[in-house]
$ cat work25.cif   # mmCIF, C-alpha atoms and all ligand atoms
data_my_file
loop_
_atom_site.label_atom_id
_atom_site.label_comp_id
_atom_site.auth_asym_id
_atom_site.auth_seq_id
_atom_site.Cartn_x
_atom_site.Cartn_y
_atom_site.Cartn_z
CA MET A 1 1.38 -31.91 35.14
CA MET A 2 0.33 -28.94 32.98
CA SER A 3 -2.72 -29.55 30.80
CA SER A 4 -2.56 -29.05 27.05
CA LYS A 5 -3.41 -25.52 25.84
CA GLY A 6 -6.18 -25.13 23.25
CA VAL A 7 -5.12 -22.94 20.33
CA VAL A 8 -7.07 -21.19 17.58
CA ILE A 9 -4.99 -20.13 14.57
CA LEU A 10 -6.39 -17.28 12.49
CA GLY A 11 -4.51 -17.21 9.17
CA SER A 12 -3.47 -20.88 9.40
CA THR A 13 -2.56 -21.17 5.70
CA GLY A 14 -0.03 -18.32 5.79
CA SER A 15 3.63 -18.18 6.75
CA ILE A 16 3.06 -17.65 10.49
CA GLY A 17 0.03 -19.96 10.54
CA CYS A 18 1.94 -22.90 9.03
CA GLN A 19 4.90 -22.35 11.34
CA THR A 20 2.52 -22.25 14.32
CA LEU A 21 1.20 -25.66 13.26
CA ASP A 22 4.81 -26.89 13.13
CA VAL A 23 5.26 -25.75 16.73
CA VAL A 24 2.05 -27.56 17.70
CA SER A 25 3.23 -30.77 16.05
CA GLN A 26 6.51 -30.53 17.96
CA ASN A 27 4.63 -30.18 21.26
CA PRO A 28 1.72 -32.64 21.00
CA ASP A 29 1.41 -33.07 24.78
CA LYS A 30 1.38 -29.32 25.47
CA LEU A 31 -0.69 -27.84 22.61
CA HIS A 32 -3.74 -28.86 20.58
CA VAL A 33 -5.60 -26.99 17.86
CA VAL A 34 -9.25 -26.14 18.47
CA GLY A 35 -9.96 -24.02 15.39
CA LEU A 36 -8.44 -22.80 12.12
CA ALA A 37 -9.32 -19.84 9.89
CA CYS A 38 -8.07 -18.75 6.49
CA GLY A 39 -8.95 -16.33 3.70
CA THR A 40 -8.84 -18.08 0.33
CA ARG A 41 -6.75 -21.29 0.53
CA VAL A 42 -9.65 -23.35 1.83
CA SER A 43 -8.45 -26.77 0.64
CA ASP A 44 -5.06 -26.18 2.32
CA MET A 45 -6.90 -25.40 5.55
CA GLN A 46 -9.03 -28.52 5.20
CA ARG A 47 -5.87 -30.62 4.89
CA GLN A 48 -4.51 -28.96 8.04
CA ALA A 49 -7.80 -29.63 9.86
CA GLN A 50 -7.63 -33.29 8.94
CA LYS A 51 -3.99 -33.64 9.99
CA PHE A 52 -4.55 -31.94 13.37
CA SER A 53 -8.07 -33.40 13.98
CA VAL A 54 -9.65 -29.96 14.09
CA ARG A 55 -13.46 -29.80 14.00
CA HIS A 56 -13.93 -26.05 13.76
CA THR A 57 -12.86 -24.05 10.72
CA ALA A 58 -13.82 -20.65 9.33
CA VAL A 59 -13.25 -18.70 6.12
CA GLY A 60 -12.86 -14.91 6.22
CA ALA A 61 -12.02 -12.52 9.03
CA ASP A 62 -15.66 -12.12 10.17
CA ASP A 63 -16.38 -15.85 10.47
CA ALA A 64 -13.01 -16.31 12.22
CA LEU A 65 -14.39 -14.29 15.14
CA ASP A 66 -16.75 -17.15 16.09
CA LEU A 67 -13.80 -19.47 16.76
CA ILE A 68 -12.58 -17.25 19.61
CA ASP A 69 -15.65 -18.05 21.74
CA LEU A 70 -15.35 -21.83 21.42
CA ASP A 71 -15.01 -23.87 24.59
CA GLY A 72 -11.48 -24.93 25.36
CA VAL A 73 -9.75 -22.03 23.61
CA ASP A 74 -6.88 -20.70 25.76
CA ILE A 75 -4.80 -18.91 23.11
CA VAL A 76 -5.70 -17.18 19.86
CA VAL A 77 -2.84 -16.82 17.38
CA ASN A 78 -3.74 -13.84 15.23
CA ALA A 79 -1.76 -14.31 12.02
CA LEU A 80 -4.15 -12.46 9.72
CA VAL A 81 -2.74 -9.69 7.53
CA GLY A 82 -3.57 -6.03 7.88
CA ALA A 83 -6.25 -4.06 9.70
CA ALA A 84 -8.64 -6.95 8.96
CA GLY A 85 -7.12 -8.55 12.07
CA LEU A 86 -8.14 -5.79 14.49
CA ARG A 87 -11.55 -7.17 15.46
CA ALA A 88 -10.08 -10.58 16.24
CA SER A 89 -7.46 -9.06 18.55
CA TYR A 90 -10.12 -6.98 20.26
CA LYS A 91 -12.51 -9.88 20.70
CA THR A 92 -9.78 -12.19 22.04
CA LEU A 93 -8.80 -9.75 24.76
CA MET A 94 -12.45 -8.98 25.55
CA ALA A 95 -13.04 -12.72 25.99
CA GLY A 96 -10.17 -12.89 28.51
CA LYS A 97 -8.11 -15.25 26.34
CA THR A 98 -4.41 -15.01 25.56
CA LEU A 99 -3.66 -13.14 22.36
CA ALA A 100 -0.52 -14.38 20.59
CA LEU A 101 -0.13 -11.55 18.14
CA ALA A 102 1.62 -11.68 14.79
CA ASN A 103 -0.86 -9.26 13.22
CA LYS A 104 1.09 -6.09 14.13
CA GLU A 105 -1.39 -3.94 12.19
CA SER A 106 -3.91 -4.57 15.04
CA LEU A 107 -1.71 -2.67 17.46
CA VAL A 108 -0.75 0.02 14.96
CA VAL A 109 -4.39 0.79 14.26
CA GLY A 110 -6.02 0.02 17.60
CA GLY A 111 -3.25 0.02 20.23
CA ASP A 112 -5.13 2.68 22.23
CA LEU A 113 -8.12 0.32 22.52
CA LEU A 114 -6.27 -2.98 22.90
CA MET A 115 -3.57 -2.21 25.47
CA PRO A 116 -5.89 -1.31 28.37
CA MET A 117 -7.43 -4.79 27.98
CA ALA A 118 -4.02 -6.53 28.08
CA ASP A 119 -3.75 -5.78 31.76
CA LYS A 120 -2.07 -8.96 33.05
CA PRO A 121 1.40 -10.35 32.19
CA GLY A 122 1.08 -12.90 29.42
CA ARG A 123 -2.33 -11.72 28.15
CA LEU A 124 -0.83 -10.27 24.97
CA MET A 125 2.23 -12.13 23.72
CA PRO A 126 4.00 -10.66 20.69
CA ILE A 127 5.01 -13.08 17.95
CA ASP A 128 7.02 -10.52 15.99
CA SER A 129 10.65 -11.60 16.57
CA GLU A 130 11.76 -8.09 17.55
CA HIS A 131 9.04 -7.69 20.16
CA GLY A 132 9.45 -11.22 21.44
CA ALA A 133 13.13 -10.36 21.87
CA ILE A 134 12.42 -7.11 23.74
CA TYR A 135 9.83 -8.90 25.87
CA GLN A 136 12.48 -11.41 26.95
CA CYS A 137 15.16 -8.73 27.53
CA LEU A 138 12.70 -6.94 29.84
CA MET A 139 11.83 -9.99 31.93
CA GLY A 140 12.81 -9.48 35.57
CA GLU A 141 13.69 -5.80 35.06
CA GLU A 142 12.15 -2.60 36.43
CA ALA A 143 10.49 -0.40 33.79
CA SER A 144 12.13 2.66 35.39
CA HIS A 145 15.58 1.21 34.63
CA VAL A 146 15.02 1.09 30.88
CA ARG A 147 16.65 3.89 28.90
CA ARG A 148 15.94 2.86 25.30
CA LEU A 149 14.66 0.05 23.13
CA TRP A 150 16.72 -0.87 20.06
CA VAL A 151 14.62 -2.46 17.32
CA THR A 152 16.81 -4.20 14.75
CA ALA A 153 16.10 -4.24 11.01
CA SER A 154 17.63 -6.34 8.24
CA GLY A 155 17.47 -3.31 5.92
CA GLY A 156 15.58 -5.32 3.29
CA PRO A 157 16.65 -6.28 -0.24
CA PHE A 158 17.23 -2.69 -1.41
CA ARG A 159 19.54 -1.57 1.40
CA GLY A 160 22.12 0.90 0.08
CA MET A 161 20.15 1.86 -3.03
CA THR A 162 19.41 5.49 -3.99
CA THR A 163 15.97 6.97 -4.72
CA ASP A 164 16.88 7.03 -8.40
CA GLN A 165 17.75 3.33 -8.37
CA LEU A 166 14.49 2.51 -6.57
CA LYS A 167 12.30 4.11 -9.27
CA ASN A 168 11.98 0.97 -11.35
CA VAL A 169 12.38 -1.88 -8.86
CA THR A 170 9.75 -4.59 -9.28
CA ALA A 171 7.57 -6.54 -6.85
CA LYS A 172 9.53 -9.68 -7.75
CA GLU A 173 12.78 -8.02 -6.64
CA ALA A 174 11.11 -6.69 -3.48
CA LEU A 175 9.80 -10.16 -2.63
CA ALA A 176 13.35 -11.57 -2.43
CA HIS A 177 13.98 -10.82 1.27
CA PRO A 178 17.60 -11.43 2.36
CA THR A 179 16.99 -13.17 5.71
CA TRP A 180 13.30 -14.01 6.38
CA ASN A 181 10.78 -16.02 4.35
CA MET A 182 7.41 -14.35 4.96
CA GLY A 183 4.04 -13.53 3.37
CA PRO A 184 3.95 -10.99 0.50
CA LYS A 185 2.56 -7.98 2.40
CA ILE A 186 5.16 -8.00 5.19
CA THR A 187 7.92 -8.71 2.66
CA ILE A 188 7.06 -5.57 0.68
CA ASP A 189 6.77 -3.65 3.98
CA SER A 190 10.29 -4.85 4.82
CA SER A 191 11.62 -3.58 1.50
CA THR A 192 10.14 -0.08 2.08
CA LEU A 193 11.07 -0.08 5.82
CA MET A 194 7.36 0.42 6.58
CA ASN A 195 7.59 -2.85 8.50
CA LYS A 196 10.07 -1.23 10.88
CA GLY A 197 7.78 1.79 11.18
CA LEU A 198 4.87 -0.49 12.10
CA GLU A 199 7.13 -2.23 14.61
CA VAL A 200 8.14 1.06 16.25
CA ILE A 201 4.44 1.83 16.83
CA GLU A 202 3.88 -1.75 18.01
CA ALA A 203 6.78 -1.39 20.50
CA HIS A 204 5.39 1.93 21.74
CA HIS A 205 2.08 0.29 22.63
CA LEU A 206 3.38 -3.05 23.90
CA PHE A 207 6.08 -1.65 26.16
CA ASP A 208 4.50 1.73 26.96
CA MET A 209 7.61 3.46 25.62
CA PRO A 210 7.75 7.05 24.26
CA TYR A 211 8.82 7.27 20.61
CA GLU A 212 11.97 9.26 21.51
CA ARG A 213 13.23 6.18 23.37
CA ILE A 214 12.71 3.69 20.53
CA GLU A 215 15.66 3.48 18.13
CA VAL A 216 15.95 1.52 14.92
CA VAL A 217 19.30 0.03 13.87
CA VAL A 218 20.06 -1.94 10.73
CA GLN A 219 21.62 -5.33 11.59
CA PRO A 220 21.85 -7.06 8.21
CA GLN A 221 22.54 -10.59 9.53
CA SER A 222 19.25 -10.51 11.56
CA ALA A 223 21.07 -12.44 14.31
CA ILE A 224 20.29 -9.83 16.96
CA HIS A 225 16.52 -9.70 17.16
CA SER A 226 16.42 -6.54 19.28
CA MET A 227 17.97 -4.99 22.38
CA VAL A 228 17.14 -3.10 25.55
CA GLU A 229 19.47 -0.45 26.95
CA TYR A 230 19.35 0.21 30.70
CA THR A 231 20.07 3.37 32.69
CA ASP A 232 23.35 1.92 34.02
CA GLY A 233 24.64 1.59 30.46
CA SER A 234 24.10 -2.18 30.23
CA VAL A 235 22.55 -3.48 27.03
CA LYS A 236 20.72 -6.80 26.81
CA ALA A 237 20.42 -8.29 23.34
CA HIS A 238 18.36 -11.27 22.21
CA LEU A 239 20.08 -13.47 19.63
CA GLY A 240 18.99 -16.58 17.85
CA THR A 241 18.70 -18.40 14.55
CA THR A 242 16.41 -16.62 12.08
CA ASP A 243 13.52 -19.02 12.57
CA MET A 244 10.07 -17.62 13.41
CA ARG A 245 9.16 -20.84 15.21
CA ILE A 246 11.31 -19.66 18.12
CA PRO A 247 9.26 -16.51 18.92
CA ILE A 248 6.01 -18.33 18.05
CA GLN A 249 6.82 -21.10 20.52
CA PHE A 250 7.83 -18.60 23.21
CA ALA A 251 4.47 -16.81 22.83
CA LEU A 252 2.69 -20.14 23.27
CA SER A 253 4.87 -21.57 26.05
CA TYR A 254 5.06 -18.45 28.24
CA PRO A 255 5.67 -18.34 31.17
CA GLU A 256 7.51 -21.61 30.48
CA ARG A 257 10.30 -22.33 28.02
CA TRP A 258 10.09 -25.55 26.05
CA ASP A 259 12.81 -27.39 24.12
CA ALA A 260 12.73 -26.82 20.36
CA PRO A 261 14.41 -28.72 17.53
CA VAL A 262 15.64 -25.54 15.81
CA ALA A 263 19.16 -25.15 14.46
CA PRO A 264 21.29 -23.55 17.19
CA LEU A 265 23.08 -20.28 16.45
CA ASP A 266 26.76 -21.10 15.93
CA PHE A 267 28.72 -17.93 16.68
CA ARG A 268 31.83 -19.33 14.96
CA GLU A 269 29.87 -19.57 11.71
CA LEU A 270 28.25 -16.18 12.16
CA GLY A 271 31.45 -14.22 11.59
CA SER A 272 30.82 -10.51 12.03
CA LEU A 273 27.83 -8.49 13.13
CA GLU A 274 27.28 -5.20 11.30
CA PHE A 275 25.24 -2.21 12.42
CA ALA A 276 24.12 0.93 10.56
CA ALA A 277 21.62 3.76 10.87
CA PRO A 278 18.53 3.31 8.66
CA ASP A 279 18.35 5.56 5.59
CA THR A 280 15.03 7.27 6.26
CA LYS A 281 15.54 9.89 3.53
CA THR A 282 15.45 7.23 0.84
CA PHE A 283 13.11 4.80 2.65
CA ARG A 284 10.56 7.37 3.74
CA CYS A 285 7.95 4.96 5.11
CA LEU A 286 9.85 4.54 8.39
CA ALA A 287 9.83 8.32 8.98
CA LEU A 288 6.15 8.57 7.99
CA ALA A 289 5.18 5.80 10.40
CA ARG A 290 7.13 7.44 13.22
CA GLU A 291 5.35 10.71 12.49
CA ALA A 292 1.97 8.95 12.49
CA GLY A 293 2.81 7.23 15.78
CA LYS A 294 4.00 10.42 17.47
CA THR A 295 0.89 12.32 16.36
CA GLY A 296 -1.24 9.38 17.49
CA GLY A 297 -5.04 9.28 17.48
CA THR A 298 -6.44 8.05 14.17
CA LEU A 299 -3.35 8.93 12.10
CA PRO A 300 -1.65 5.51 12.44
CA ALA A 301 -4.88 3.87 11.16
CA VAL A 302 -4.81 6.15 8.10
CA MET A 303 -1.13 5.52 7.49
CA ASN A 304 -1.70 1.76 7.74
CA ALA A 305 -4.75 1.68 5.45
CA ALA A 306 -3.05 3.76 2.74
CA ASN A 307 -0.01 1.52 2.98
CA GLU A 308 -2.14 -1.63 2.59
CA VAL A 309 -3.75 -0.22 -0.55
CA ALA A 310 -0.44 0.94 -2.03
CA VAL A 311 1.33 -2.36 -1.25
CA GLY A 312 -1.57 -4.25 -2.90
CA ALA A 313 -1.24 -2.04 -6.01
CA PHE A 314 2.54 -2.47 -6.11
CA LEU A 315 2.18 -6.27 -5.89
CA GLN A 316 -0.22 -6.12 -8.86
CA GLY A 317 2.22 -3.97 -10.86
CA GLU A 318 -0.21 -1.04 -10.72
CA CYS A 319 2.08 1.49 -9.03
CA SER A 320 5.79 2.03 -8.56
CA PHE A 321 7.83 1.31 -5.44
CA LEU A 322 8.20 5.02 -4.71
CA ASP A 323 4.43 5.56 -5.05
CA ILE A 324 3.95 3.58 -1.82
CA ALA A 325 5.48 6.27 0.43
CA ALA A 326 3.94 9.06 -1.65
CA CYS A 327 0.47 7.53 -1.34
CA VAL A 328 0.85 7.09 2.44
CA GLU A 329 2.06 10.67 2.83
CA ASP A 330 -0.85 12.02 0.78
CA ALA A 331 -3.45 10.17 2.89
CA MET A 332 -1.81 11.35 6.12
CA GLU A 333 -1.77 14.98 4.95
CA LYS A 334 -5.46 14.89 4.04
CA HIS A 335 -6.62 13.37 7.33
CA LYS A 336 -8.03 15.38 10.22
CA VAL A 337 -6.78 13.52 13.29
CA GLN A 338 -9.31 12.40 15.91
CA ARG A 339 -8.92 10.71 19.28
CA VAL A 340 -9.44 6.93 19.08
CA GLU A 341 -12.81 6.04 20.58
CA SER A 342 -14.13 2.82 19.12
CA ILE A 343 -13.56 -0.02 16.69
CA GLU A 344 -16.39 1.32 14.51
CA GLN A 345 -14.75 4.75 14.28
CA LEU A 346 -11.44 3.10 13.33
CA GLN A 347 -13.14 1.07 10.63
CA GLU A 348 -14.68 4.21 9.13
CA VAL A 349 -11.35 6.01 9.22
CA ASP A 350 -9.75 2.95 7.61
CA MET A 351 -12.31 2.90 4.77
CA ASP A 352 -11.95 6.65 4.11
CA ALA A 353 -8.17 6.30 3.97
CA ARG A 354 -8.48 3.39 1.52
CA ARG A 355 -10.69 5.51 -0.76
CA CYS A 356 -8.21 8.39 -0.53
CA ALA A 357 -5.30 6.07 -1.38
CA LEU A 358 -7.15 4.55 -4.35
CA ASN A 359 -7.87 8.06 -5.69
CA TYR A 360 -4.24 9.03 -5.28
CA LEU A 361 -3.04 5.93 -7.13
CA SER A 362 -5.56 6.31 -9.95
CA ASP A 363 -4.35 9.91 -10.42
CA CYS A 364 -0.76 8.55 -10.57
CA THR A 365 -1.72 6.06 -13.28
CA ALA A 366 -3.63 8.72 -15.26
CA ALA A 367 -0.75 11.24 -15.11
N1 LIG B 401 5.77 -14.11 8.16
C1 LIG B 401 6.53 -13.69 9.13
O1 LIG B 401 7.66 -14.17 9.30
C2 LIG B 401 6.04 -12.61 10.07
C3 LIG B 401 6.89 -12.16 11.09
C4 LIG B 401 6.42 -11.22 11.99
C5 LIG B 401 5.13 -10.74 11.88
N2 LIG B 401 4.33 -11.18 10.86
C6 LIG B 401 2.97 -10.64 10.76
O2 LIG B 401 2.05 -11.73 10.83
C7 LIG B 401 0.89 -11.47 10.03
C8 LIG B 401 0.75 -12.61 9.04
O3 LIG B 401 1.87 -12.59 8.16
P1 LIG B 401 2.22 -13.79 7.18
O4 LIG B 401 3.57 -13.48 6.65
O5 LIG B 401 1.97 -15.09 7.85
O6 LIG B 401 1.13 -13.55 6.03
P2 LIG B 401 0.63 -14.57 4.89
O7 LIG B 401 1.64 -15.62 4.65
O8 LIG B 401 0.17 -13.73 3.76
O9 LIG B 401 -0.63 -15.27 5.56
C9 LIG B 401 -1.78 -14.56 5.93
C10 LIG B 401 -2.83 -15.50 6.45
O10 LIG B 401 -4.00 -14.75 6.77
C11 LIG B 401 -5.11 -15.20 6.00
N3 LIG B 401 -5.93 -14.03 5.69
C12 LIG B 401 -5.53 -12.88 5.11
N4 LIG B 401 -6.55 -12.02 5.03
C13 LIG B 401 -7.61 -12.66 5.59
C14 LIG B 401 -8.99 -12.31 5.80
N5 LIG B 401 -9.46 -11.11 5.43
N6 LIG B 401 -9.78 -13.21 6.41
C15 LIG B 401 -9.31 -14.41 6.80
N7 LIG B 401 -8.04 -14.80 6.61
C16 LIG B 401 -7.23 -13.93 6.01
C17 LIG B 401 -4.50 -15.86 4.79
O11 LIG B 401 -5.42 -16.77 4.22
P3 LIG B 401 -5.31 -17.30 2.70
O12 LIG B 401 -3.86 -17.38 2.38
O13 LIG B 401 -6.01 -18.61 2.78
O14 LIG B 401 -6.02 -16.32 1.83
C18 LIG B 401 -3.29 -16.53 5.41
O15 LIG B 401 -3.68 -17.69 6.10
C19 LIG B 401 1.14 -10.09 9.40
O16 LIG B 401 0.53 -9.10 10.17
C20 LIG B 401 2.65 -9.93 9.45
O17 LIG B 401 3.03 -8.58 9.50
C21 LIG B 401 4.76 -12.10 9.97
#

$ encode --input "work25.cif" --output "structure tokens"
Amino acid sequence: MMSSKGVVILGSTGSIGCQTLDVVSQNPDKLHVVGLACGTRVSDMQRQAQKFSVRHTAVGADDALDLIDLDGVDIVVNALVGAAGLRASYKTLMAGKTLALANKESLVVGGDLLMPMADKPGRLMPIDSEHGAIYQCLMGEEASHVRRLWVTASGGPFRGMTTDQLKNVTAKEALAHPTWNMGPKITIDSSTLMNKGLEVIEAHHLFDMPYERIEVVVQPQSAIHSMVEYTDGSVKAHLGTTDMRIPIQFALSYPERWDAPVAPLDFRELGSLEFAAPDTKTFRCLALAREAGKTGGTLPAVMNAANEVAVGAFLQGECSFLDIAACVEDAMEKHKVQRVESIEQLQEVDMDARRCALNYLSDCTAA
């Protein structure tokens, strides 16, 4: 019989963190929690620790790093938000433990450093539903037979709107995502299509795929989680109910598949599936992220940091929706791209880009 896997959850109080705990409670003989970390909702985390009999907790991204080294930790679920999660991803892989990665920003910023360490199947399991889907479509296939990856996008709450209409949209409107219920940062990223841009870069690193062979298609029902097209013209798609516990559980159960009490997808209820090209002229963040990814080096780290600052400002009502792309573009233009060499270098680049973005936004407010 397989022994129970020890799990550390970084970001346990967030959307992915809480759903990971749900998966643990549905699989009490297969998973147990060794450690929990959060940012600010400490009493929520303490309640979780009590419920799951967890002795080790940490507050803040730096303290969370200590949990990775604990005895009995097999899997680290990185569900932190933003580049703050990079060190945890790095340390998990360095320690030879399985990284179940929701924190896509880790790969966007530090994919060049992380991927060489994820050298064995199952060492780095994506939690993002799109990448979990592609991972499963690729199982049992030859890499040389893959023609293209199709990453699906819901299109977000502002799909179909013009630049003029987007000028005055509010954070409250952006937070009303049509299909997924997620934390605030990723929800704003979904409304700007930056989330899809981050996912294209994530797919490039995870599946070693050139950018020219990664397509984005809007699939508003979010029933198709992504697809892989093969050289013989066959396309494999991954479908399922829009429930993040499915990809979370797969990342934790791999290489096995476990039963899950999720609502099955009823195709008779689903009706039609629509597809459309993304509007990258209006939603410029997707094009900017692609450009950052293609250029490579430290540019994705700059793009990501500027985006984090701008999204934070938008959530506080301190800049407009359209300022987000403008701020990212400004930081990218001002950056002199370097080859990625170390975590420390990436952190410096990240801090410079944050300063640049703050300056840009304060000029916007002053104007
Ligand atoms: N939500 C989804 O459905 C979904 C799907 C795919 C991928 N993802 C990715 O998963 C990651 C997490 O997203 P989420 O939606 O779960 O976010 P969320 O609901 O905002 O939760 C973030 C979690 O991280 C903690 N945290 C944030 N900054 C931290 C720091 N500096 N130090 C320690 N803890 C910190 C938060 O703690 P406190 O709340 O206690 O401050 C919270 O527990 C993101 O990278 C996102 O892009 C999410």

$ residues_near_ligand --input "work25.cif" --ligand "ligand LIG 401 (chain B)" --cutoff "6 Å" --atoms "only C-alpha atoms and all ligand atoms" --output "NGL selection string"
:A and (11-17 or 38-41 or 59-61 or 79-82 or 84 or 102-105 or 128 or 182-184 or 186 or 244)

$ closest_residue --input "work25.cif" --among "A:Leu138, A:Val108, A:Gln249, A:Leu286" --to "Ser190 in chain A" --atoms "all atoms listed in the file"
A:Leu286

$ closest_residue --input "work25.cif" --among "A:Glu215, A:Glu308, A:Glu173, A:Asp208" --to "Met227 in chain A" --atoms "only C-alpha atoms"
A:Glu215

$ closest_atom_pairs --input "work25.cif" --of "range 215-333 of chain A" --to "range 20-37 of chain A" --cutoff "12 Å" --atoms "only C-alpha atoms" --output "JSON lines"
{"residue": "A:Asp243", "atom": "CA", "partner": "A:Val23", "partner_atom": "CA", "distance": 11.4}
{"residue": "A:Met244", "atom": "CA", "partner": "A:Thr20", "partner_atom": "CA", "distance": 8.9}
{"residue": "A:Arg245", "atom": "CA", "partner": "A:Val23", "partner_atom": "CA", "distance": 6.5}
{"residue": "A:Ile246", "atom": "CA", "partner": "A:Val23", "partner_atom": "CA", "distance": 8.7}
{"residue": "A:Pro247", "atom": "CA", "partner": "A:Thr20", "partner_atom": "CA", "distance": 10.0}
{"residue": "A:Ile248", "atom": "CA", "partner": "A:Thr20", "partner_atom": "CA", "distance": 6.4}
{"residue": "A:Gln249", "atom": "CA", "partner": "A:Val23", "partner_atom": "CA", "distance": 6.2}
{"residue": "A:Phe250", "atom": "CA", "partner": "A:Val23", "partner_atom": "CA", "distance": 10.0}
{"residue": "A:Ala251", "atom": "CA", "partner": "A:Thr20", "partner_atom": "CA", "distance": 10.3}
{"residue": "A:Leu252", "atom": "CA", "partner": "A:Leu31", "partner_atom": "CA", "distance": 8.4}
{"residue": "A:Ser253", "atom": "CA", "partner": "A:Lys30", "partner_atom": "CA", "distance": 8.5}
{"residue": "A:Tyr254", "atom": "CA", "partner": "A:Lys30", "partner_atom": "CA", "distance": 11.8}
{"residue": "A:Glu256", "atom": "CA", "partner": "A:Lys30", "partner_atom": "CA", "distance": 11.1}
{"residue": "A:Arg257", "atom": "CA", "partner": "A:Lys30", "partner_atom": "CA", "distance": 11.6}
{"residue": "A:Trp258", "atom": "CA", "partner": "A:Asn27", "partner_atom": "CA", "distance": 8.6}
{"residue": "A:Asp259", "atom": "CA", "partner": "A:Asn27", "partner_atom": "CA", "distance": 9.1}
{"residue": "A:Ala260", "atom": "CA", "partner": "A:Gln26", "partner_atom": "CA", "distance": 7.6}
{"residue": "A:Pro261", "atom": "CA", "partner": "A:Gln26", "partner_atom": "CA", "distance": 8.1}
{"residue": "A:Val262", "atom": "CA", "partner": "A:Val23", "partner_atom": "CA", "distance": 10.4}

$ write_last_selection --input "work25.cif" --atoms "C-alpha atoms" --output "compact mmCIF listing (two decimals), in the frame of the given file"
# COMPACT_ATOMS: atom_id res chain seq x y z
CA ASP A 243 13.52 -19.02 12.57
CA MET A 244 10.07 -17.62 13.41
CA ARG A 245 9.16 -20.84 15.21
CA ILE A 246 11.31 -19.66 18.12
CA PRO A 247 9.26 -16.51 18.92
CA ILE A 248 6.01 -18.33 18.05
CA GLN A 249 6.82 -21.10 20.52
CA PHE A 250 7.83 -18.60 23.21
CA ALA A 251 4.47 -16.81 22.83
CA LEU A 252 2.69 -20.14 23.27
CA SER A 253 4.87 -21.57 26.05
CA TYR A 254 5.06 -18.45 28.24
CA GLU A 256 7.51 -21.61 30.48
CA ARG A 257 10.30 -22.33 28.02
CA TRP A 258 10.09 -25.55 26.05
CA ASP A 259 12.81 -27.39 24.12
CA ALA A 260 12.73 -26.82 20.36
CA PRO A 261 14.41 -28.72 17.53
CA VAL A 262 15.64 -25.54 15.81

$ atom_distance --input "work25.cif" --atom1 "CA of Gln221 in chain A" --atom2 "CA of Glu141 in chain A"
27.4 Å

$ closest_atom_pairs --input "work25.cif" --of "range 176-264 of chain A" --to "range 153-165 of chain A" --cutoff "10 Å" --atoms "only C-alpha atoms" --output "tab-separated table"
residue	atom	partner	partner_atom	distance
A:Ala176	CA	A:Pro157	CA	6.6
A:His177	CA	A:Pro157	CA	5.5
A:Pro178	CA	A:Pro157	CA	5.8
A:Thr179	CA	A:Ser154	CA	7.3
A:Trp180	CA	A:Ser154	CA	9.0
A:Thr187	CA	A:Gly156	CA	8.4
A:Ile188	CA	A:Gly156	CA	8.9
A:Asp189	CA	A:Gly156	CA	9.0
A:Ser190	CA	A:Gly156	CA	5.5
A:Ser191	CA	A:Gly156	CA	4.7
A:Thr192	CA	A:Gly156	CA	7.6
A:Leu193	CA	A:Gly155	CA	7.2
A:Asn195	CA	A:Ala153	CA	9.0
A:Lys196	CA	A:Ala153	CA	6.7
A:Glu199	CA	A:Ala153	CA	9.9
A:Val216	CA	A:Ala153	CA	7.0
A:Val217	CA	A:Ala153	CA	6.1
A:Val218	CA	A:Ala153	CA	4.6
A:Gln219	CA	A:Ser154	CA	5.3
A:Pro220	CA	A:Ser154	CA	4.3
A:Gln221	CA	A:Ser154	CA	6.6
A:Ser222	CA	A:Ser154	CA	5.6
A:Ala223	CA	A:Ser154	CA	9.3
A:Ile224	CA	A:Ala153	CA	9.2
A:His225	CA	A:Ala153	CA	8.2
A:Ser226	CA	A:Ala153	CA	8.6

$ closest_residue --input "work25.cif" --among "A:Leu206, A:Val73, A:Leu86, A:Leu166" --to "Asp119 in chain A" --atoms "all atoms listed in the file"
A:Leu206

$ atom_distance --input "work25.cif" --atom1 "CA of Arg55 in chain A" --atom2 "CA of Thr92 in chain A"
19.7 Å

$ closest_residue --input "work25.cif" --among "A:Arg87, A:Pro210, A:Ala174, A:Glu333" --to "Leu113 in chain A" --atoms "all atoms listed in the file"
A:Arg87

$ residues_around --input "work25.cif" --residues "Glu341 in chain A" --least-positions-apart "4" --cutoff "12 Å" --atoms "only C-alpha atoms" --output "PyMOL selection string"
chain A and resi 109-114+297-298+345-349

$ atom_distance --input "work25.cif" --atom1 "CA of Ser144 in chain A" --atom2 "CA of Arg290 in chain A"
23.2 Å

$ closest_residue --input "work25.cif" --among "A:Gly197, A:Gly233, A:Gly96, A:Gly6" --to "Lys120 in chain A" --atoms "only C-alpha atoms"
A:Gly96

$ closest_residue --input "work25.cif" --among "A:Val146, A:Ala357, A:Leu322, A:Met94" --to "Phe283 in chain A" --atoms "all atoms listed in the file"
A:Leu322

$ axis_aligned_box --input "work25.cif" --around "range 244-254 of chain A" --padding-each-side "3 Å" --output "JSON"
{"center_x": 7.0, "center_y": -19.0, "center_z": 20.8, "size_x": 14.6, "size_y": 11.1, "size_z": 20.8}

$ residues_near_point --input "work25.cif" --point "(-10.5, -21.5, 18.0)" --cutoff "12 Å" --atoms "only C-alpha atoms" --output "PyMOL selection string"
chain A and resi 5-12+32-37+49+54-58+63-78+88+92+97-99

$ residues_around --input "work25.cif" --residues "Thr231 in chain A" --least-positions-apart "2" --cutoff "12 Å" --atoms "all atoms listed in the file" --output "JSON, numbers by chain"
{"A": [141, 142, 143, 144, 145, 146, 147, 148, 149, 213, 228, 229, 233, 234, 235, 236]}
